[in-house]
Amino acid sequence: MDIKPVKKGGNDNRTFHLGNSMSVRLPSDEAYVPQVEKEQIWLPILAKQLSTPISEPLAKGLPNEDYPYPWSVNKWLDGETLTLENIDDINQFAKDLGRFLVDLQSIDVTGGPLAGEHNFNRGGDISVYDKECRDAINNINTFNKHLLKEIWELALASKWANEPVWVHGDIALGNILIKNGEMFAVIDFGILGVGDPSCDAAIAWTFFDESSRKVFKKALNFVEETWNKARGWALWKALITYNYNKHSDKGIADESFNTIKTILNDYENKK
């Protein structure tokens, strides 16, 4: 059976195509090992209650002398990684993604893993990244620092008043598969958790335009506080990514730069 690397792998795991119908995911560091057991337990439960296909584990591999961590064999899901070019209608995609997240959030969370270190606090209090975000703002000279701080402090002040819900934790382009111009599947649930779902809406500023952002927000039915915190998650990630890559990876730095610019423009347009 052939084994070959996938075209676009992630950071937390090294992923390989196994034959025609399976994939293999191996944690790239000990910090990501807890993801294996979590996915093995919860993904089969979630998959049964979602109409959109998601990653499904088929088997669990054990450590040995050649590789020191547990690993997963998953069902292979066909599809292309999300881009602006491979979707037919960005507004329809915004509705479909919003509907998927609402469906995920509606599933019973009893016994689910509360947000914490295991998922880098996705779904938890964004204040754990306060110092990191403020340092990033202070180290950037291209944008209006006063506005950046205002957006960040608005996110810090926003609270999730409802019961905890399921959080994917990394709703990003590389984790959404497209087939025939439409959303087909969602993959990579390594930082799955239970908590505040605002982090799952950061894609509103990393991918959507003004029109589709509004469609996405409406589909999620987020109150303004939750939307403010979602913007904060997007800002924090864009700032630290830009500062880390601005001298080493122009492509990634440019993407982050554009996200920061989008966040500022969107915020100023609503003032």
# chains A, B, ... in the order shown; residues from 1 in each chain; ligands from 1
>>> residues_around(residues="Ala185 of chain A", least_positions_apart="5", cutoff="8 Å", atoms="only C-alpha atoms", output="MDAnalysis selection string")
chainID A and resid 52:54 77 79 176:178
>>> write_last_selection(atoms="C-alpha atoms", output="short mmCIF file (atom, residue, chain, number, x, y, z; two decimals), in the first residue's frame")
data_model
loop_
_atom_site.label_atom_id
_atom_site.label_comp_id
_atom_site.auth_asym_id
_atom_site.auth_seq_id
_atom_site.Cartn_x
_atom_site.Cartn_y
_atom_site.Cartn_z
CA THR A 52 -20.98 17.63 7.12
CA PRO A 53 -18.25 14.97 6.91
CA ILE A 54 -15.43 15.37 9.45
CA LEU A 77 -11.70 12.62 2.78
CA GLY A 79 -11.57 17.45 -1.61
CA ILE A 176 -11.83 23.01 5.21
CA LEU A 177 -12.23 20.84 2.12
CA ILE A 178 -14.09 21.91 -1.02
#
>>> select_by_dssp(residues="segment 85-261 of chain A", states="strand (DSSP E or B)", output="list in words")
Leu114, Val165, Trp166, Val167, Ile176, Leu177, Ile178, Lys179, Glu182, Met183, Phe184, Ala185, Val186, Gly193, Val194 and Gly195 of chain A
>>> write_last_selection(atoms="C-alpha atoms", output="mmCIF file, in the first residue's frame")
data_model
loop_
_atom_site.group_PDB
_atom_site.id
_atom_site.type_symbol
_atom_site.label_atom_id
_atom_site.label_comp_id
_atom_site.auth_asym_id
_atom_site.auth_seq_id
_atom_site.Cartn_x
_atom_site.Cartn_y
_atom_site.Cartn_z
ATOM 1 C CA LEU A 114 -12.814 21.902 28.693
ATOM 2 C CA VAL A 165 -20.306 24.493 23.519
ATOM 3 C CA TRP A 166 -18.102 22.429 21.225
ATOM 4 C CA VAL A 167 -15.254 24.382 19.634
ATOM 5 C CA ILE A 176 -11.830 23.014 5.211
ATOM 6 C CA LEU A 177 -12.229 20.838 2.117
ATOM 7 C CA ILE A 178 -14.087 21.905 -1.023
ATOM 8 C CA LYS A 179 -15.630 19.660 -3.659
ATOM 9 C CA GLU A 182 -18.978 23.823 -2.317
ATOM 10 C CA MET A 183 -17.945 23.094 1.261
ATOM 11 C CA PHE A 184 -17.520 19.343 1.610
ATOM 12 C CA ALA A 185 -15.745 18.498 4.859
ATOM 13 C CA VAL A 186 -13.980 19.865 7.944
ATOM 14 C CA GLY A 193 -12.515 21.593 23.113
ATOM 15 C CA VAL A 194 -15.531 22.834 25.018
ATOM 16 C CA GLY A 195 -16.067 26.497 25.816
#
>>> residues_around(residues="segment 55-71 of chain A", least_positions_apart="5", cutoff="8 Å", atoms="only C-alpha atoms", output="PyMOL selection string")
chain A and resi 24-27+30+33+36+39-40+43-44+47+76-77+186-189
>>> write_last_selection(atoms="N, CA and C atoms", output="short mmCIF file (atom, residue, chain, number, x, y, z; two decimals), in the first residue's frame")
data_model
loop_
_atom_site.label_atom_id
_atom_site.label_comp_id
_atom_site.auth_asym_id
_atom_site.auth_seq_id
_atom_site.Cartn_x
_atom_site.Cartn_y
_atom_site.Cartn_z
N VAL A 24 -2.67 9.00 7.53
CA VAL A 24 -1.94 8.76 8.78
C VAL A 24 -1.51 10.10 9.34
N ARG A 25 -1.79 10.33 10.63
CA ARG A 25 -1.40 11.58 11.29
C ARG A 25 -0.47 11.26 12.46
N LEU A 26 0.72 11.84 12.41
CA LEU A 26 1.71 11.61 13.45
C LEU A 26 2.05 12.94 14.13
N PRO A 27 1.86 13.05 15.45
CA PRO A 27 2.21 14.30 16.13
C PRO A 27 3.67 14.69 15.86
N GLU A 30 5.84 16.30 21.23
CA GLU A 30 5.15 15.73 22.38
C GLU A 30 3.96 16.58 22.82
N VAL A 33 0.64 15.32 21.43
CA VAL A 33 0.24 13.93 21.66
C VAL A 33 -1.17 13.81 22.24
N VAL A 36 -4.27 13.00 19.95
CA VAL A 36 -4.56 11.68 19.38
C VAL A 36 -5.71 11.01 20.14
N GLU A 39 -9.12 12.88 19.77
CA GLU A 39 -9.79 12.64 18.49
C GLU A 39 -10.35 11.22 18.41
N GLN A 40 -9.61 10.26 18.95
CA GLN A 40 -10.09 8.87 18.93
C GLN A 40 -11.40 8.73 19.69
N LEU A 43 -14.30 12.20 18.00
CA LEU A 43 -14.70 12.39 16.61
C LEU A 43 -15.78 11.40 16.14
N PRO A 44 -15.72 10.13 16.52
CA PRO A 44 -16.82 9.24 16.12
C PRO A 44 -18.17 9.69 16.68
N ALA A 47 -19.18 12.90 14.67
CA ALA A 47 -19.48 12.60 13.26
C ALA A 47 -20.90 12.10 13.08
N TRP A 76 -9.80 8.71 4.74
CA TRP A 76 -9.41 9.77 3.82
C TRP A 76 -10.65 10.49 3.29
N LEU A 77 -10.60 11.81 3.32
CA LEU A 77 -11.70 12.62 2.78
C LEU A 77 -11.20 13.35 1.54
N VAL A 186 -14.83 19.14 7.01
CA VAL A 186 -13.98 19.86 7.94
C VAL A 186 -13.06 18.84 8.61
N ILE A 187 -11.77 19.15 8.65
CA ILE A 187 -10.79 18.20 9.17
C ILE A 187 -9.96 18.84 10.29
N ASP A 188 -9.05 18.06 10.83
CA ASP A 188 -8.07 18.48 11.84
C ASP A 188 -8.74 19.07 13.08
N PHE A 189 -9.20 18.17 13.94
CA PHE A 189 -9.85 18.57 15.18
C PHE A 189 -8.89 18.44 16.37
#
>>> residues_around(residues="Tyr242 of chain A", least_positions_apart="5", cutoff="7 Å", atoms="only C-alpha atoms", output="ChimeraX atom specification")
/A:253,256-257
>>> select_by_dssp(residues="segment 19-160 of chain A", states="helix (DSSP H, G or I)", output="PyMOL selection string")
chain A and resi 30-32+34-47+90-105+117-119+126-138+145-157
>>> closest_residue(among="A:Leu104, A:Ile87, A:Ile3, A:Met22", to="Ile45 of chain A", atoms="only C-alpha atoms")
A:Leu104
>>> residues_around(residues="Asp200 of chain A", least_positions_apart="2", cutoff="10 Å", atoms="only C-alpha atoms", output="list in words")
Gly98, Leu101, Arg122, Gly123, Val167, His168, Gly169, Asp170, Ile171, Ala172, Asp196, Pro197, Ser198, Ala202, Ile203, Ala204, Ala230, Trp233 and Ala234 of chain A
>>> atom_distance(atom1="atom CA of Glu153 of chain A", atom2="atom CA of Asp130 of chain A")
9.1 Å
>>> closest_residue(among="A:Gly111, A:Phe208, A:Leu148, A:Trp236", to="Trp42 of chain A", atoms="only C-alpha atoms")
A:Gly111
>>> atom_distance(atom1="atom CA of Leu147 of chain A", atom2="atom CA of Asn243 of chain A")
17.6 Å
>>> atom_distance(atom1="atom CA of Lys237 of chain A", atom2="atom CA of Val223 of chain A")
21.8 Å
>>> closest_residue(among="A:Trp152, A:Phe143, A:Phe216, A:Phe222", to="Gln105 of chain A", atoms="only C-alpha atoms")
A:Phe222
>>> residues_around(residues="Ala155 of chain A", least_positions_apart="2", cutoff="7 Å", atoms="only C-alpha atoms", output="ChimeraX atom specification")
/A:151-153,157-158,228-229,232
>>> closest_residue(among="A:Val6, A:Ile107, A:Leu264, A:Ile140", to="Asp78 of chain A", atoms="only C-alpha atoms")
A:Val6
>>> closest_residue(among="A:Arg213, A:His17, A:Lys149, A:Arg99", to="Pro5 of chain A", atoms="only C-alpha atoms")
A:His17
>>> closest_residue(among="A:Gly19, A:Ala136, A:Gly190, A:Gly124", to="Lys38 of chain A", atoms="only C-alpha atoms")
A:Gly190
